[in-house]
Amino acid sequence: MSNRLPALQRFIDGLRDIWSAEPDIARCMEKAKPLLETLVGDPQLQVRSAEWPSTEGRKNLLLYVDDDYGFAINAVVRVPGRRGSVHDHAHAWVLYGVLHGSESLERYERLDDRSREGYAKVRLTSVSAGVPGKVDLVAPFDIHAEQGGSGRSVAIILRSAKLGDITQNQYDLETGAIRPGPGPTQIPFEITA
């Protein structure tokens, strides 16, 4: 798209350069982290995000999917105090960058021996502040959650694979139940200049 916001187009071009030179997805994501930090620090994009629609109801804005390399760029727009589910992203790598507002980024570890089908005992291991410019790298099958802050928040997400095309898990902290299912509904969304 020739009318794409320049900061987003530079991000996409940089990602394509990384993916074309690096066969290892983990290394691609590590190399992409500073590019996402630059993108979520872009003042014009931060201002523009005030116009973006809410993604409540398990939705993501789908900004871009690369036809050659398969990575996807999403955005989430959270209402104040939004409670996110504890989940993983299956085999996908994820970079999660806060663009506007604040969030809590939670990490969990699995404690059980994995012998019970559909059950996992997990516990919270860390909570970090998600503020504009903060980017969190989430490895495949890492259990985590993002919780909304006191105001509206917006994040940009780089995924090694488009969600909705893969089955991921949600974890019930009270019962231990694992609920496999599709990722968030993908809503195509263009950010133009």
# chains A, B, ... in the order shown; residues from 1 in each chain; ligands from 1
call {"tool": "residues_around", "arguments": {"residues": "region 55-57 of chain A", "least_positions_apart": "2", "cutoff": "10 Å", "atoms": "only C-alpha atoms", "output": "ChimeraX atom specification"}}
result
/A:52-53,59-61,75-79,82,154,184-187
call {"tool": "residues_around", "arguments": {"residues": "Glu190 (chain A)", "least_positions_apart": "2", "cutoff": "7 Å", "atoms": "only C-alpha atoms", "output": "PyMOL selection string"}}
result
chain A and resi 63+188+192
call {"tool": "write_last_selection", "arguments": {"atoms": "N, CA and C atoms", "output": "PDB file, in the first residue's frame"}}
result
ATOM      1  N   LEU A  63      -3.066  -5.088  11.057  1.00  0.00           N
ATOM      2  CA  LEU A  63      -2.450  -4.004  10.301  1.00  0.00           C
ATOM      3  C   LEU A  63      -1.725  -4.494   9.058  1.00  0.00           C
ATOM      4  N   PRO A 188      -9.285  -6.380   9.807  1.00  0.00           N
ATOM      5  CA  PRO A 188      -8.385  -5.606   8.943  1.00  0.00           C
ATOM      6  C   PRO A 188      -8.504  -4.113   9.228  1.00  0.00           C
ATOM      7  N   THR A 192      -3.129   4.910   7.371  1.00  0.00           N
ATOM      8  CA  THR A 192      -2.639   5.668   6.223  1.00  0.00           C
ATOM      9  C   THR A 192      -1.985   6.968   6.642  1.00  0.00           C
TER      10      THR A 192
END
call {"tool": "atom_distance", "arguments": {"atom1": "CA of Asp17 (chain A)", "atom2": "CA of Val47 (chain A)"}}
result
27.4 Å
call {"tool": "closest_residue", "arguments": {"among": "A:Lys162, A:Arg110, A:Pro80, A:Ile156", "to": "Val40 (chain A)", "atoms": "only C-alpha atoms"}}
result
A:Ile156
call {"tool": "select_by_dssp", "arguments": {"residues": "region 43-163 of chain A", "states": "alpha helix (DSSP H)", "output": "list in words"}}
result
Pro43, Gln44, Leu45, Gln46, Val47 and Arg48 of chain A
call {"tool": "closest_residue", "arguments": {"among": "A:Leu45, A:Leu39, A:Ile178, A:Ala161", "to": "Val65 (chain A)", "atoms": "only C-alpha atoms"}}
result
A:Ala161
call {"tool": "closest_atom_pairs", "arguments": {"of": "region 2-52 of chain A", "to": "region 93-100 of chain A", "cutoff": "12 Å", "atoms": "only C-alpha atoms", "output": "tab-separated table"}}
result
residue	atom	partner	partner_atom	distance
A:Asp24	CA	A:Trp93	CA	11.5
A:Ile25	CA	A:Trp93	CA	7.8
A:Ala26	CA	A:Trp93	CA	7.3
A:Arg27	CA	A:Trp93	CA	10.5
A:Cys28	CA	A:Trp93	CA	9.7
A:Met29	CA	A:Leu95	CA	7.2
A:Glu30	CA	A:Leu95	CA	8.8
A:Lys31	CA	A:Leu95	CA	10.8
A:Ala32	CA	A:Leu95	CA	8.3
A:Lys33	CA	A:Leu95	CA	6.9
A:Pro34	CA	A:Leu95	CA	10.3
A:Leu35	CA	A:Gly97	CA	10.4
A:Leu36	CA	A:Gly97	CA	6.7
A:Glu37	CA	A:Gly97	CA	6.9
A:Thr38	CA	A:Gly97	CA	9.8
A:Leu39	CA	A:Leu99	CA	8.2
A:Val40	CA	A:Leu99	CA	4.6
A:Gly41	CA	A:Leu99	CA	6.8
A:Asp42	CA	A:Leu99	CA	8.3
A:Pro43	CA	A:Leu99	CA	9.3
A:Gln44	CA	A:Leu99	CA	10.7
A:Leu45	CA	A:Leu99	CA	8.0
A:Gln46	CA	A:Leu99	CA	6.0
A:Val47	CA	A:His100	CA	8.6
A:Arg48	CA	A:His100	CA	10.2
A:Ser49	CA	A:His100	CA	7.6
A:Ala50	CA	A:His100	CA	8.5
A:Glu51	CA	A:His100	CA	11.8
A:Trp52	CA	A:His100	CA	11.4
call {"tool": "closest_residue", "arguments": {"among": "A:His87, A:Arg114, A:Lys121, A:Thr167", "to": "Ile143 (chain A)", "atoms": "only C-alpha atoms"}}
result
A:His87
call {"tool": "atom_distance", "arguments": {"atom1": "CA of Arg58 (chain A)", "atom2": "CA of Ala7 (chain A)"}}
result
26.5 Å
call {"tool": "closest_residue", "arguments": {"among": "A:Arg16, A:Arg179, A:Arg10, A:His89", "to": "Asp68 (chain A)", "atoms": "only C-alpha atoms"}}
result
A:Arg16
call {"tool": "closest_residue", "arguments": {"among": "A:Arg123, A:Arg159, A:Arg152, A:His91", "to": "Tyr171 (chain A)", "atoms": "only C-alpha atoms"}}
result
A:Arg123
call {"tool": "select_by_dssp", "arguments": {"residues": "chain A", "states": "strand (DSSP E)", "output": "PyMOL selection string"}}
result
chain A and resi 59-65+72-78+94-100+103-110+122-130+135-138+143-148+153-159+167-171+178-182+185-188
call {"tool": "closest_residue", "arguments": {"among": "A:Gly81, A:Gly164, A:Gly149, A:Gly183", "to": "Glu103 (chain A)", "atoms": "only C-alpha atoms"}}
result
A:Gly149
call {"tool": "residues_around", "arguments": {"residues": "Ala129 (chain A)", "least_positions_apart": "2", "cutoff": "8 Å", "atoms": "only C-alpha atoms", "output": "list in words"}}
result
Ser102, Glu103, Ser104, Leu105, Val127 and Val131 of chain A
